[in-house]
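Text of coords-v7.cif (mmCIF, C-alpha atoms) as supplied:
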```
data_final
loop_
_atom_site.label_atom_id
_atom_site.label_comp_id
_atom_site.auth_asym_id
_atom_site.auth_seq_id
_atom_site.Cartn_x
_atom_site.Cartn_y
_atom_site.Cartn_z
CA MET A 1 49.90 23.62 16.90
CA ILE A 2 48.82 20.17 18.03
CA SER A 3 50.69 18.79 20.98
CA ILE A 4 51.76 15.16 21.21
CA ARG A 5 49.46 14.71 24.19
CA SER A 6 46.47 16.00 22.20
CA LEU A 7 47.36 13.75 19.31
CA LEU A 8 47.65 10.69 21.56
CA THR A 9 44.34 11.57 23.21
CA ALA A 10 42.67 11.86 19.81
CA VAL A 11 44.12 8.52 18.68
CA ALA A 12 42.97 6.83 21.90
CA MET A 13 39.46 8.28 21.54
CA ALA A 14 39.30 7.12 17.92
CA ALA A 15 40.30 3.61 18.98
CA VAL A 16 37.62 3.54 21.69
CA LEU A 17 34.96 4.86 19.33
CA GLY A 18 36.01 2.36 16.71
CA ALA A 19 35.57 -0.46 19.18
CA CYS A 20 32.17 0.88 20.22
CA THR A 21 30.90 1.21 16.67
CA ASP A 22 31.73 -2.31 15.61
CA ASP A 23 29.31 -3.38 12.88
CA ASN A 24 28.96 -6.83 14.37
CA SER A 25 25.21 -7.13 14.91
CA ARG A 26 25.68 -9.57 17.79
CA ASP A 27 27.62 -6.91 19.71
CA THR A 28 25.07 -4.31 18.68
CA ILE A 29 22.18 -6.38 20.00
CA GLY A 30 24.16 -6.95 23.18
CA ARG A 31 24.54 -3.18 23.57
CA ALA A 32 20.80 -2.75 23.09
CA GLU A 33 20.08 -5.43 25.70
CA GLU A 34 22.52 -3.79 28.09
CA ALA A 35 20.95 -0.37 27.54
CA PHE A 36 17.52 -1.85 28.28
CA ASP A 37 18.82 -3.51 31.46
CA LEU A 38 20.19 -0.12 32.53
CA HIS A 39 16.75 1.44 31.89
CA ASP A 40 18.10 3.48 28.98
CA TYR A 41 15.09 2.67 26.85
CA THR A 42 15.77 5.42 24.33
CA ALA A 43 19.22 4.05 23.52
CA ALA A 44 17.87 0.49 23.32
CA GLN A 45 15.05 1.67 21.04
CA ASN A 46 17.44 3.56 18.76
CA ILE A 47 19.72 0.55 18.39
CA CYS A 48 16.79 -1.78 17.64
CA ASP A 49 15.32 0.67 15.14
CA SER A 50 18.62 0.98 13.31
CA LEU A 51 19.08 -2.80 13.14
CA ILE A 52 15.56 -3.51 11.96
CA SER A 53 15.29 -0.69 9.44
CA GLY A 54 18.91 -0.91 8.30
CA GLN A 55 20.45 -2.68 5.35
CA GLN A 56 21.90 -5.37 7.63
CA PHE A 57 18.46 -6.69 8.67
CA ASP A 58 18.50 -9.41 6.00
CA LYS A 59 21.90 -10.56 7.23
CA LEU A 60 20.86 -11.07 10.85
CA THR A 61 20.93 -14.66 12.07
CA VAL A 62 17.83 -16.42 13.36
CA ASP A 63 19.19 -16.14 16.90
CA GLU A 64 19.71 -12.40 16.46
CA LEU A 65 16.20 -12.00 15.05
CA CYS A 66 14.78 -13.89 18.02
CA ARG A 67 16.75 -11.73 20.45
CA LEU A 68 15.41 -8.62 18.70
CA THR A 69 11.89 -10.04 18.97
CA ILE A 70 12.30 -10.38 22.72
CA LEU A 71 13.91 -6.97 23.13
CA THR A 72 11.33 -5.08 21.07
CA SER A 73 8.51 -6.81 22.94
CA ARG A 74 10.13 -5.69 26.20
CA LEU A 75 10.41 -2.17 24.82
CA ALA A 76 6.69 -2.31 24.00
CA GLU A 77 6.04 -2.54 27.73
CA GLN A 78 7.91 0.74 28.22
CA SER A 79 6.69 2.89 25.32
CA ASP A 80 5.30 2.96 21.80
CA GLU A 81 3.58 -0.38 22.26
CA GLU A 82 2.03 -0.75 18.80
CA SER A 83 5.17 0.16 16.92
CA ASN A 84 7.38 -2.13 18.98
CA ILE A 85 5.00 -5.07 18.67
CA ALA A 86 5.05 -4.51 14.90
CA LEU A 87 8.87 -4.55 14.97
CA ALA A 88 8.84 -7.71 17.06
CA ALA A 89 6.46 -9.33 14.58
CA ARG A 90 8.71 -8.34 11.68
CA CYS A 91 11.72 -9.95 13.37
CA MET A 92 9.73 -13.09 14.20
CA GLN A 93 8.43 -13.32 10.64
CA ALA A 94 11.96 -13.11 9.20
CA ALA A 95 13.22 -15.75 11.63
CA LEU A 96 10.33 -18.13 10.90
CA ARG A 97 10.87 -17.84 7.17
CA ARG A 98 14.51 -18.84 7.58
CA GLN A 99 14.51 -21.60 10.18
CA PRO A 100 11.26 -22.34 12.00
CA ASP A 101 12.82 -25.21 13.97
CA SER A 102 15.51 -22.90 15.32
CA VAL A 103 12.82 -20.43 16.40
CA LEU A 104 11.01 -23.22 18.26
CA HIS A 105 14.24 -24.21 19.98
CA PHE A 106 14.90 -20.57 20.93
CA ILE A 107 11.38 -20.14 22.34
CA GLN A 108 11.64 -23.36 24.34
CA SER A 109 14.84 -22.08 25.96
CA LEU A 110 13.12 -18.96 27.30
CA PRO A 111 11.62 -18.50 30.77
CA ALA A 112 7.87 -19.15 30.84
CA ASP A 113 6.83 -15.46 30.84
CA GLU A 114 8.95 -14.72 27.79
CA GLN A 115 7.72 -17.87 26.07
CA SER A 116 4.13 -16.71 26.31
CA THR A 117 4.96 -13.25 24.97
CA THR A 118 7.02 -14.69 22.13
CA LEU A 119 4.32 -17.21 21.24
CA LEU A 120 1.76 -14.40 21.17
CA ILE A 121 3.98 -12.52 18.72
CA GLN A 122 4.41 -15.69 16.68
CA GLN A 123 0.62 -16.07 16.49
CA LEU A 124 0.30 -12.42 15.46
CA THR A 125 2.92 -13.02 12.80
CA ARG A 126 1.02 -16.05 11.51
CA SER A 127 -2.17 -14.05 11.20
CA LEU A 128 -0.33 -11.26 9.37
CA ASP A 129 1.52 -13.59 7.05
CA ARG A 130 -1.04 -15.93 5.51
CA ASP A 131 1.55 -17.05 2.93
CA THR A 132 3.73 -18.79 5.53
CA THR A 133 3.88 -22.52 4.99
CA ASP A 134 2.64 -24.88 7.68
CA THR A 135 6.20 -25.89 8.53
CA ALA A 136 7.04 -22.30 9.39
CA VAL A 137 4.26 -21.99 11.95
CA ILE A 138 4.88 -23.03 15.52
CA ASP A 139 1.80 -24.24 17.31
CA ILE A 140 1.59 -23.20 20.95
CA HIS A 141 1.11 -26.87 21.86
CA ASP A 142 4.51 -27.71 20.35
CA VAL A 143 6.13 -25.58 23.05
CA ALA A 144 3.77 -25.95 25.98
CA GLY A 145 3.00 -29.61 25.42
CA ASP A 146 0.49 -30.97 27.90
CA ASN A 147 0.79 -27.91 30.17
CA LEU A 148 -2.15 -26.23 28.45
#
```

I need this file expressed as structure tokens, please.
Amino acid sequence: MISIRSLLTAVAMAAVLGACTDDNSRDTIGRAEEAFDLHDYTAAQNICDSLISGQQFDKLTVDELCRLTILTSRLAEQSDEESNIALAARCMQAALRRQPDSVLHFIQSLPADEQSTTLLIQQLTRSLDRDTTDTAVIDIHDVAGDNL
């Protein structure tokens, strides 16, 4: 027989799990970023993999795609470099196809070290995607200006 205490505990656990498994991709990316910051690279990798390979990928915003680009490039420094750079390039490609100006704005808001990494991924994406129009390609000089 189930006691009231057991039932209340089960209901409370279900509520907590429900809150943790929110399908909101913004919260999911935040959890991946938090896992990375806590050096739980496996959890961060699993979250990124599920977002990028999942059915919700096409529904991610440009900002979310840019955040995933940054996170997967950071994960590349920890393990599985080639695979994570490919994931970062896929995210960048999707973001550039949607709103290249927003991608430029996002890149310009990053610290210098992350700008260079992101621009490298953008250049990789351009070389992989020869069908991208000129307006969807960000030139490194657009971001760096006269600093190069």

### Task
Fewer than 6 positions away in the same chain doesn't count, so skip those; otherwise give me all residues within 8 Å of range 75-87 of chain A, counting all atoms listed in the file, as a VMD selection string.
chain A and resid 36 41 45 52 69 121

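One finds CA of Ile47 in chain A at 25.4 Å from CA of His105 in chain A.
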
### Task
List the residues selected by the PyMOL selection byres ((chain A and resi 71) around 9) in the file shown, writing them as a VMD selection string.
chain A and resid 29 32 to 33 36 44 to 45 48 66 to 70 72 to 76 88

### Query
Any idea what the distance is between CA of Asn46 in chain A and CA of Gln99 in chain A?
26.7 Å

## Note on the structure
Expressed in Å, the length from CA of Gln93 in chain A to CA of Pro111 in chain A is 21.0 Å

### Task
Take the PyMOL selection byres ((chain A and resi 56-59) around 12), apply it to the structure above, and return the hits as a PyMOL selection string.
chain A and resi 23-26+28-29+48-55+60-65+68+87+90-91+93-95+97-98

Write the residues of the preceding selection, restricted to C-alpha atoms, as a compact mmCIF listing (two decimals), keeping the file's coordinate frame.
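Everything below was put into out-v1.txt:
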```txt
# COMPACT_ATOMS: atom_id res chain seq x y z
CA ASP A 23 29.31 -3.38 12.88
CA ASN A 24 28.96 -6.83 14.37
CA SER A 25 25.21 -7.13 14.91
CA ARG A 26 25.68 -9.57 17.79
CA THR A 28 25.07 -4.31 18.68
CA ILE A 29 22.18 -6.38 20.00
CA CYS A 48 16.79 -1.78 17.64
CA ASP A 49 15.32 0.67 15.14
CA SER A 50 18.62 0.98 13.31
CA LEU A 51 19.08 -2.80 13.14
CA ILE A 52 15.56 -3.51 11.96
CA SER A 53 15.29 -0.69 9.44
CA GLY A 54 18.91 -0.91 8.30
CA GLN A 55 20.45 -2.68 5.35
CA LEU A 60 20.86 -11.07 10.85
CA THR A 61 20.93 -14.66 12.07
CA VAL A 62 17.83 -16.42 13.36
CA ASP A 63 19.19 -16.14 16.90
CA GLU A 64 19.71 -12.40 16.46
CA LEU A 65 16.20 -12.00 15.05
CA LEU A 68 15.41 -8.62 18.70
CA LEU A 87 8.87 -4.55 14.97
CA ARG A 90 8.71 -8.34 11.68
CA CYS A 91 11.72 -9.95 13.37
CA GLN A 93 8.43 -13.32 10.64
CA ALA A 94 11.96 -13.11 9.20
CA ALA A 95 13.22 -15.75 11.63
CA ARG A 97 10.87 -17.84 7.17
CA ARG A 98 14.51 -18.84 7.58
```

### Task
I would like the residues chosen by the PyMOL selection byres ((chain A and resi 107) around 10) on the shown file; could you give them as a VMD selection string?
chain A and resid 66 70 101 to 106 108 to 112 114 to 119 138 143
